[in-house]
file run-v5.cif (mmCIF, C-alpha atoms (C1' of nucleotides))
data_final
#
loop_
_atom_site.label_atom_id
_atom_site.label_comp_id
_atom_site.auth_asym_id
_atom_site.auth_seq_id
_atom_site.Cartn_x
_atom_site.Cartn_y
_atom_site.Cartn_z
CA MET A 1 0.00 0.00 0.00
CA VAL A 2 1.33 3.35 -0.99
CA ASP A 3 0.52 6.69 0.56
CA TYR A 4 -0.60 9.07 -2.16
CA SER A 5 -1.06 12.10 0.10
CA THR A 6 2.66 12.76 0.07
CA SER A 7 3.97 15.88 1.71
CA ILE A 8 5.47 18.38 -0.64
CA ASP A 9 9.06 18.11 0.58
CA VAL A 10 9.08 14.37 -0.15
CA ILE A 11 8.05 15.13 -3.72
CA PHE A 12 10.78 17.75 -4.06
CA ARG A 13 13.39 15.47 -2.56
CA ALA A 14 12.44 12.72 -5.00
CA LEU A 15 12.77 15.12 -7.94
CA GLY A 16 16.02 16.58 -6.58
CA GLU A 17 18.00 13.54 -7.65
CA PRO A 18 19.21 13.93 -11.28
CA THR A 19 18.71 10.24 -12.09
CA ARG A 20 15.13 10.33 -10.84
CA LEU A 21 14.45 13.57 -12.68
CA ARG A 22 15.52 11.85 -15.89
CA MET A 23 13.22 8.94 -15.08
CA VAL A 24 10.28 11.29 -14.70
CA GLN A 25 11.11 12.97 -17.99
CA GLU A 26 11.31 9.57 -19.66
CA LEU A 27 8.00 8.51 -18.10
CA SER A 28 6.31 11.63 -19.41
CA ARG A 29 6.70 10.14 -22.87
CA GLY A 30 4.73 7.03 -21.91
CA GLU A 31 4.73 4.04 -19.58
CA ARG A 32 8.02 2.26 -19.07
CA THR A 33 9.18 -0.90 -17.35
CA VAL A 34 11.85 -0.71 -14.69
CA GLY A 35 14.24 -2.21 -17.22
CA ASP A 36 13.36 0.47 -19.77
CA LEU A 37 14.19 3.13 -17.20
CA ALA A 38 17.44 1.45 -16.15
CA ALA A 39 18.78 0.96 -19.68
CA PRO A 40 19.92 4.49 -20.55
CA LEU A 41 21.20 5.18 -17.03
CA ASP A 42 24.34 3.03 -16.86
CA MET A 43 23.06 1.53 -13.65
CA THR A 44 22.11 -1.91 -12.38
CA LEU A 45 18.49 -2.96 -12.41
CA ALA A 46 18.58 -3.10 -8.62
CA GLY A 47 19.71 0.50 -8.44
CA ALA A 48 17.03 1.67 -10.83
CA SER A 49 14.45 -0.31 -8.87
CA LYS A 50 15.40 1.60 -5.73
CA HIS A 51 14.95 4.92 -7.49
CA VAL A 52 11.57 3.81 -8.80
CA GLY A 53 10.67 2.91 -5.23
CA VAL A 54 11.50 6.44 -4.05
CA LEU A 55 9.41 7.96 -6.84
CA GLU A 56 6.56 5.62 -5.95
CA GLN A 57 6.77 6.56 -2.26
CA ALA A 58 6.60 10.20 -3.27
CA GLY A 59 3.44 9.45 -5.22
CA LEU A 60 5.05 10.39 -8.52
CA LEU A 61 4.40 7.08 -10.23
CA THR A 62 2.58 3.78 -9.94
CA ARG A 63 4.13 0.40 -10.49
CA GLU A 64 1.89 -2.29 -11.96
CA LYS A 65 2.88 -5.91 -12.21
CA ARG A 66 2.40 -7.19 -15.72
CA GLY A 67 3.79 -10.65 -16.26
CA ARG A 68 7.33 -10.57 -15.02
CA GLU A 69 7.69 -6.89 -15.77
CA ARG A 70 6.70 -3.87 -13.69
CA VAL A 71 5.13 -1.13 -15.72
CA CYS A 72 5.62 2.37 -14.35
CA ARG A 73 3.19 5.15 -15.08
CA LEU A 74 3.57 8.78 -14.05
CA ARG A 75 0.96 10.16 -11.66
CA SER A 76 0.01 13.73 -12.44
CA GLU A 77 -1.38 14.47 -8.97
CA ALA A 78 1.98 14.71 -7.21
CA LEU A 79 3.48 16.78 -10.02
CA HIS A 80 0.43 18.97 -9.95
CA ALA A 81 0.77 19.48 -6.19
CA ALA A 82 4.39 20.52 -6.69
CA SER A 83 3.36 22.85 -9.48
CA GLU A 84 0.71 24.46 -7.32
CA TRP A 85 3.13 24.92 -4.44
CA THR A 86 5.87 26.52 -6.52
CA ALA A 87 3.36 28.67 -8.40
CA LYS A 88 1.99 29.93 -5.09
CA TYR A 89 5.39 30.87 -3.73
CA SER A 90 6.75 32.24 -6.99
CA ALA A 91 3.83 34.66 -7.04
CA PHE A 92 4.83 36.13 -3.69
CA TRP A 93 6.99 38.80 -5.23
CA ASN A 94 4.33 40.22 -7.52
CA ASP A 95 1.94 40.20 -4.58
CA ARG A 96 4.44 42.15 -2.53
CA LEU A 97 4.93 44.67 -5.31
CA ASP A 98 1.18 45.03 -5.64
CA ALA A 99 0.85 45.59 -1.92
CA LEU A 100 3.67 48.11 -2.01
CA GLU A 101 2.08 50.03 -4.86
CA ALA A 102 -1.25 50.04 -3.06
CA ALA A 103 0.40 51.35 0.08
CA ILE A 104 2.09 54.14 -1.88
CA ARG A 105 -1.15 55.13 -3.59
CA GLU A 106 -2.95 55.21 -0.25
CA GLU A 107 -0.21 57.38 1.21
CA ASN A 108 -0.49 59.83 -1.69
CA ASP A 109 -4.23 60.08 -1.18
CA ASP A 110 -3.74 61.46 2.33
CA MET B 1 29.44 35.46 -7.11
CA VAL B 2 26.40 33.28 -7.38
CA ASP B 3 25.17 31.38 -10.38
CA TYR B 4 21.53 32.22 -11.01
CA SER B 5 21.05 29.85 -13.96
CA THR B 6 20.60 26.92 -11.62
CA SER B 7 19.60 23.57 -13.05
CA ILE B 8 16.20 22.37 -12.02
CA ASP B 9 17.33 19.39 -9.94
CA VAL B 10 19.42 21.69 -7.73
CA ILE B 11 16.32 23.76 -7.04
CA PHE B 12 14.29 20.65 -6.22
CA ARG B 13 17.02 19.29 -3.98
CA ALA B 14 17.17 22.58 -2.09
CA LEU B 15 13.40 22.52 -1.58
CA GLY B 16 13.40 18.84 -0.64
CA GLU B 17 14.80 19.57 2.81
CA PRO B 18 11.94 20.28 5.28
CA THR B 19 13.93 22.95 7.14
CA ARG B 20 14.70 24.81 3.93
CA LEU B 21 11.12 24.49 2.74
CA ARG B 22 10.04 26.22 5.96
CA MET B 23 12.60 28.94 5.35
CA VAL B 24 11.18 29.58 1.89
CA GLN B 25 7.67 29.75 3.29
CA GLU B 26 8.84 32.19 5.94
CA LEU B 27 10.64 34.29 3.33
CA SER B 28 7.52 34.49 1.21
CA ARG B 29 6.09 36.68 3.96
CA GLY B 30 8.90 39.21 3.62
CA GLU B 31 12.64 39.63 3.93
CA ARG B 32 14.31 38.00 6.91
CA THR B 33 17.76 38.00 8.45
CA VAL B 34 19.57 34.71 8.93
CA GLY B 35 18.84 35.06 12.64
CA ASP B 36 15.15 35.54 11.95
CA LEU B 37 15.16 32.32 9.96
CA ALA B 38 17.11 30.40 12.57
CA ALA B 39 14.96 31.44 15.54
CA PRO B 40 11.89 29.23 15.03
CA LEU B 41 13.94 26.27 13.86
CA ASP B 42 15.63 25.14 17.08
CA MET B 43 18.95 25.24 15.31
CA THR B 44 22.24 27.07 15.69
CA LEU B 45 22.92 30.17 13.62
CA ALA B 46 25.72 28.33 11.87
CA GLY B 47 23.37 25.55 10.84
CA ALA B 48 20.78 27.99 9.53
CA SER B 49 23.52 29.86 7.69
CA LYS B 50 24.45 26.69 5.85
CA HIS B 51 20.86 26.12 4.78
CA VAL B 52 20.65 29.70 3.57
CA GLY B 53 23.80 29.03 1.58
CA VAL B 54 22.21 26.05 -0.13
CA LEU B 55 19.12 28.08 -0.99
CA GLU B 56 21.33 30.85 -2.33
CA GLN B 57 23.33 28.40 -4.47
CA ALA B 58 20.04 27.11 -5.87
CA GLY B 59 19.12 30.67 -6.79
CA LEU B 60 16.14 30.69 -4.47
CA LEU B 61 17.22 33.70 -2.46
CA THR B 62 19.68 36.55 -2.27
CA ARG B 63 21.69 37.53 0.79
CA GLU B 64 22.45 41.19 1.27
CA LYS B 65 24.81 42.53 3.89
CA ARG B 66 23.16 45.24 5.94
CA GLY B 67 25.18 46.31 8.96
CA ARG B 68 26.11 43.16 10.82
CA GLU B 69 23.01 41.37 9.59
CA ARG B 70 22.42 39.52 6.33
CA VAL B 71 19.02 40.17 4.87
CA CYS B 72 17.56 37.33 2.81
CA ARG B 73 15.07 37.92 0.06
CA LEU B 74 13.28 35.27 -1.98
CA ARG B 75 13.98 35.21 -5.71
CA SER B 76 10.93 34.38 -7.78
CA GLU B 77 12.88 33.27 -10.86
CA ALA B 78 14.02 29.92 -9.45
CA LEU B 79 10.59 29.18 -8.02
CA HIS B 80 9.07 30.13 -11.30
CA ALA B 81 11.40 27.79 -13.17
CA ALA B 82 10.38 24.96 -10.85
CA SER B 83 6.74 25.86 -11.36
CA GLU B 84 7.12 25.78 -15.12
CA TRP B 85 8.88 22.45 -15.03
CA THR B 86 6.32 20.72 -12.84
CA ALA B 87 3.44 22.28 -14.75
CA LYS B 88 4.89 20.95 -17.99
CA TYR B 89 5.26 17.42 -16.69
CA SER B 90 2.00 17.37 -14.77
CA ALA B 91 0.23 18.16 -18.03
CA PHE B 92 1.59 15.03 -19.70
CA TRP B 93 -1.37 12.88 -18.70
CA ASN B 94 -4.04 15.18 -20.08
CA ASP B 95 -2.02 15.44 -23.27
CA ARG B 96 -1.92 11.67 -23.52
CA LEU B 97 -5.66 11.42 -22.92
CA ASP B 98 -6.27 14.06 -25.55
CA ALA B 99 -4.07 12.20 -28.01
CA LEU B 100 -5.88 8.96 -27.18
CA GLU B 101 -9.28 10.51 -27.73
CA ALA B 102 -8.16 12.04 -30.98
CA ALA B 103 -6.86 8.67 -32.14
CA ILE B 104 -10.15 6.99 -31.26
CA ARG B 105 -12.16 9.63 -33.11
CA GLU B 106 -9.95 9.25 -36.13
CA GLU B 107 -10.38 5.49 -36.03
CA ASN B 108 -14.17 5.86 -35.89
CA ASP B 109 -14.09 8.15 -38.89
CA ASP B 110 -12.63 5.38 -41.07
"C1'" DG C 1 38.06 51.32 23.18
"C1'" DC C 2 35.50 47.42 25.13
"C1'" DT C 3 31.79 44.30 24.92
"C1'" DA C 4 27.97 42.22 22.85
"C1'" DT C 5 25.80 40.67 18.62
"C1'" DA C 6 25.29 38.63 13.78
"C1'" DA C 7 27.11 35.88 10.91
"C1'" DT C 8 30.57 32.88 8.56
"C1'" DC C 9 34.35 29.41 8.42
"C1'" DA C 10 36.51 25.15 9.47
"C1'" DA C 11 36.69 20.94 11.57
"C1'" DC C 12 34.32 17.32 12.93
"C1'" DC C 13 30.57 13.66 13.73
"C1'" DA C 14 26.46 10.65 12.88
"C1'" DT C 15 23.28 9.32 9.78
"C1'" DA C 16 21.15 9.21 5.21
"C1'" DA C 17 21.56 8.38 0.41
"C1'" DG C 18 23.24 6.36 -3.90
"C1'" DG C 19 25.33 2.75 -5.58
"C1'" DT C 20 27.00 -2.17 -5.89
"C1'" DT C 21 26.87 -7.38 -5.40
"C1'" DT C 22 24.73 -11.60 -4.28
"C1'" DA C 23 20.51 -14.20 -3.57
"C1'" DG C 24 15.96 -15.17 -4.18
"C1'" DT C 25 11.09 -15.07 -6.41
"C1'" DA C 26 7.94 -15.03 -10.21
"C1'" DT C 27 7.18 -15.58 -14.95
"C1'" DT C 28 8.17 -16.67 -19.62
"C1'" DT C 29 10.06 -19.64 -23.17
"C1'" DC C 30 11.82 -23.67 -25.18
"C1'" DG D 1 10.83 -29.09 -16.33
"C1'" DA D 2 15.07 -26.41 -17.19
"C1'" DA D 3 16.95 -22.17 -18.41
"C1'" DA D 4 16.56 -17.41 -19.13
"C1'" DT D 5 14.44 -12.95 -17.88
"C1'" DA D 6 12.64 -9.11 -14.89
"C1'" DC D 7 12.61 -7.65 -10.88
"C1'" DT D 8 13.08 -7.14 -5.62
"C1'" DA D 9 15.46 -7.80 -1.05
"C1'" DA D 10 19.25 -7.60 1.87
"C1'" DA D 11 23.76 -6.68 3.06
"C1'" DC D 12 27.28 -3.82 2.37
"C1'" DC D 13 30.40 0.23 1.03
"C1'" DT D 14 31.45 5.15 0.08
"C1'" DT D 15 30.21 9.67 -0.02
"C1'" DA D 16 26.97 13.42 0.81
"C1'" DT D 17 24.15 15.75 4.04
"C1'" DG D 18 22.59 17.92 8.22
"C1'" DG D 19 23.94 19.09 12.27
"C1'" DT D 20 27.22 20.54 16.02
"C1'" DT D 21 31.14 23.22 18.39
"C1'" DG D 22 34.84 26.58 18.55
"C1'" DA D 23 37.30 30.26 16.42
"C1'" DT D 24 37.19 34.39 13.66
"C1'" DT D 25 35.41 38.68 11.45
"C1'" DA D 26 32.65 42.73 11.19
"C1'" DT D 27 29.50 45.87 13.09
"C1'" DA D 28 26.74 48.22 16.92
"C1'" DG D 29 26.20 50.34 21.27
"C1'" DC D 30 27.76 52.10 25.51
#

call {"tool": "encode", "arguments": {"input": "run-v5.cif", "output": "structure tokens"}}
result
Amino acid sequence: MVDYSTSIDVIFRALGEPTRLRMVQELSRGERTVGDLAAPLDMTLAGASKHVGVLEQAGLLTREKRGRERVCRLRSEALHAASEWTAKYSAFWNDRLDALEAAIREENDD
Amino acid sequence: MVDYSTSIDVIFRALGEPTRLRMVQELSRGERTVGDLAAPLDMTLAGASKHVGVLEQAGLLTREKRGRERVCRLRSEALHAASEWTAKYSAFWNDRLDALEAAIREENDD
DNA sequence: GCTATAATCAACCATAAGGTTTAGTATTTC
DNA sequence: GAAATACTAAACCTTATGGTTGATTATAGC
């Protein structure tokens, strides 16, 4: 059982590893087996499997058993949560400028 | 001199640490000295300073010397870059569904 | 000028993280 | 059913990370 209500820092930490970032990029092009993901990475299958586990824990992908393969599929929810979070905090500056302008206008009205 | 053209995984890694995530949230409310950031974290000033350094390296904030204090200010660019990235990859699934639907429609037209 | 304060630097320590190898479990294929 | 394939699990190793302390620098305040 996997927890899909991952906290945002776990998602960021998972994406903060270059290898895993590449995996996510690869998965955005379609579903991939663990072997597919390992192939271009110059890494053992066991190593890749561990990375996939981290991404799964972070809620970034699902792993489905299909025959002897495990098919990985990206989950948009976690990425969307990360997108929302960063969008919220990247907007802070504009908000501050807006507030500043408003304050200046108010001051001039006095 | 700080490199502001940080690669995306460095930004994610910086945000993947709970303490640093809290610092960013705190900074979104306004500029803060390193001491301000350290205070609520039950951590030495030296420790907080190191975290601030990581955030600065990732391009997430700037540190300005003002008297004997260092004033930290969030930089929206890095957060925006992260937002763009996650938005792009969180959209993958809808794109795939759209493509799938289009393919089905086309097939029905034959 | 002395003392206190804010922060960084350097050295160090414990634990986490990224990787490997070796085994082991299903599943496919012949 | 034997052999190959795809993967996971566990043990292990090395390095990175997150934290500390102690010393040092720069500024503020009396």

call {"tool": "closest_atom_pairs", "arguments": {"input": "run-v5.cif", "of": "stretch 46-85 of chain B", "to": "stretch 4-17 of chain C", "cutoff": "9 Å", "atoms": "only C-alpha atoms (C1' of nucleotides)", "output": "Markdown table"}}
result
| residue | atom | partner | partner_atom | distance |
| --- | --- | --- | --- | --- |
| B:Ala46 | CA | C:DT8 | C1' | 7.4 |
| B:Ser49 | CA | C:DA7 | C1' | 7.7 |
| B:Arg68 | CA | C:DA6 | C1' | 5.5 |
| B:Glu69 | CA | C:DA6 | C1' | 5.5 |
| B:Arg70 | CA | C:DA7 | C1' | 7.5 |

call {"tool": "write_last_selection", "arguments": {"input": "run-v5.cif", "atoms": "C-alpha atoms", "output": "JSON list (two decimals), in the frame of the given file"}}
result
[["chain", "number", "residue", "atom", "x", "y", "z"],
["B", 46, "ALA", "CA", 25.72, 28.33, 11.87],
["B", 49, "SER", "CA", 23.52, 29.86, 7.69],
["B", 68, "ARG", "CA", 26.11, 43.16, 10.82],
["B", 69, "GLU", "CA", 23.01, 41.37, 9.59],
["B", 70, "ARG", "CA", 22.42, 39.52, 6.33]]

call {"tool": "resolve_selection", "arguments": {"input": "run-v5.cif", "expression": "the PyMOL selection byres ((chain B and resi 6) around 12)", "output": "number ranges by chain"}}
result
B: 2-5, 7-14, 54-61, 77-82

call {"tool": "resolve_selection", "arguments": {"input": "run-v5.cif", "expression": "the PyMOL selection byres ((chain D) within 7 of (chain B))", "output": "PyMOL selection string"}}
result
chain D and resi 19+26-27

call {"tool": "axis_aligned_box", "arguments": {"input": "run-v5.cif", "around": "stretch 6-19 of chain C", "padding_each_side": "5 Å", "output": "lines of an AutoDock Vina configuration file"}}
result
center_x = 28.9
center_y = 20.7
center_z = 4.1
size_x = 25.5
size_y = 45.9
size_z = 29.4

call {"tool": "resolve_selection", "arguments": {"input": "run-v5.cif", "expression": "the PyMOL selection byres ((chain D and resi 8) around 10)", "output": "list in words"}}
result
Leu45, Ala46, Ser49 and Lys50 of chain A; DG24 and DT25 of chain C; DA6, DC7, DA9 and DA10 of chain D

call {"tool": "write_last_selection", "arguments": {"input": "run-v5.cif", "atoms": "C-alpha atoms (C1' of nucleotides)", "output": "PDB file, in the coordinates of the input"}}
result
ATOM      1  CA  LEU A  45      18.490  -2.960 -12.410  1.00  0.00           C
ATOM      2  CA  ALA A  46      18.580  -3.100  -8.620  1.00  0.00           C
ATOM      3  CA  SER A  49      14.450  -0.310  -8.870  1.00  0.00           C
ATOM      4  CA  LYS A  50      15.400   1.600  -5.730  1.00  0.00           C
TER       5      LYS A  50
ATOM      6  C1'  DG C  24      15.960 -15.170  -4.180  1.00  0.00           C
ATOM      7  C1'  DT C  25      11.090 -15.070  -6.410  1.00  0.00           C
TER       8       DT C  25
ATOM      9  C1'  DA D   6      12.640  -9.110 -14.890  1.00  0.00           C
ATOM     10  C1'  DC D   7      12.610  -7.650 -10.880  1.00  0.00           C
ATOM     11  C1'  DA D   9      15.460  -7.800  -1.050  1.00  0.00           C
ATOM     12  C1'  DA D  10      19.250  -7.600   1.870  1.00  0.00           C
TER      13       DA D  10
END

call {"tool": "closest_residue", "arguments": {"input": "run-v5.cif", "among": "B:Val34, B:Ala91, B:Leu27, B:Leu41", "to": "chain C", "atoms": "only C-alpha atoms (C1' of nucleotides)"}}
result
B:Val34

call {"tool": "atom_distance", "arguments": {"input": "run-v5.cif", "atom1": "atom CA of A:Leu15", "atom2": "atom CA of B:Met23"}}
result
19.2 Å

call {"tool": "atom_distance", "arguments": {"input": "run-v5.cif", "atom1": "atom CA of A:Cys72", "atom2": "atom C1' of D:DA11"}}
result
26.7 Å

call {"tool": "closest_residue", "arguments": {"input": "run-v5.cif", "among": "B:Thr19, B:Arg73, B:Ala38, B:Ser28", "to": "chain A", "atoms": "only C-alpha atoms"}}
result
B:Ser28

call {"tool": "atom_distance", "arguments": {"input": "run-v5.cif", "atom1": "atom C1' of C:DT20", "atom2": "atom CA of A:Val52"}}
result
16.8 Å

call {"tool": "interface_residues", "arguments": {"input": "run-v5.cif", "of": "chain C", "to": "chain A", "cutoff": "7 Å", "atoms": "all atoms listed in the file", "output": "list in words"}}
result
DG19, DA26 and DT27 of chain C

call {"tool": "write_last_selection", "arguments": {"input": "run-v5.cif", "atoms": "C-alpha atoms (C1' of nucleotides)", "output": "PDB file, keeping the file's coordinate frame"}}
result
ATOM      1  C1'  DG C  19      25.330   2.750  -5.580  1.00  0.00           C
ATOM      2  C1'  DA C  26       7.940 -15.030 -10.210  1.00  0.00           C
ATOM      3  C1'  DT C  27       7.180 -15.580 -14.950  1.00  0.00           C
TER       4       DT C  27
END
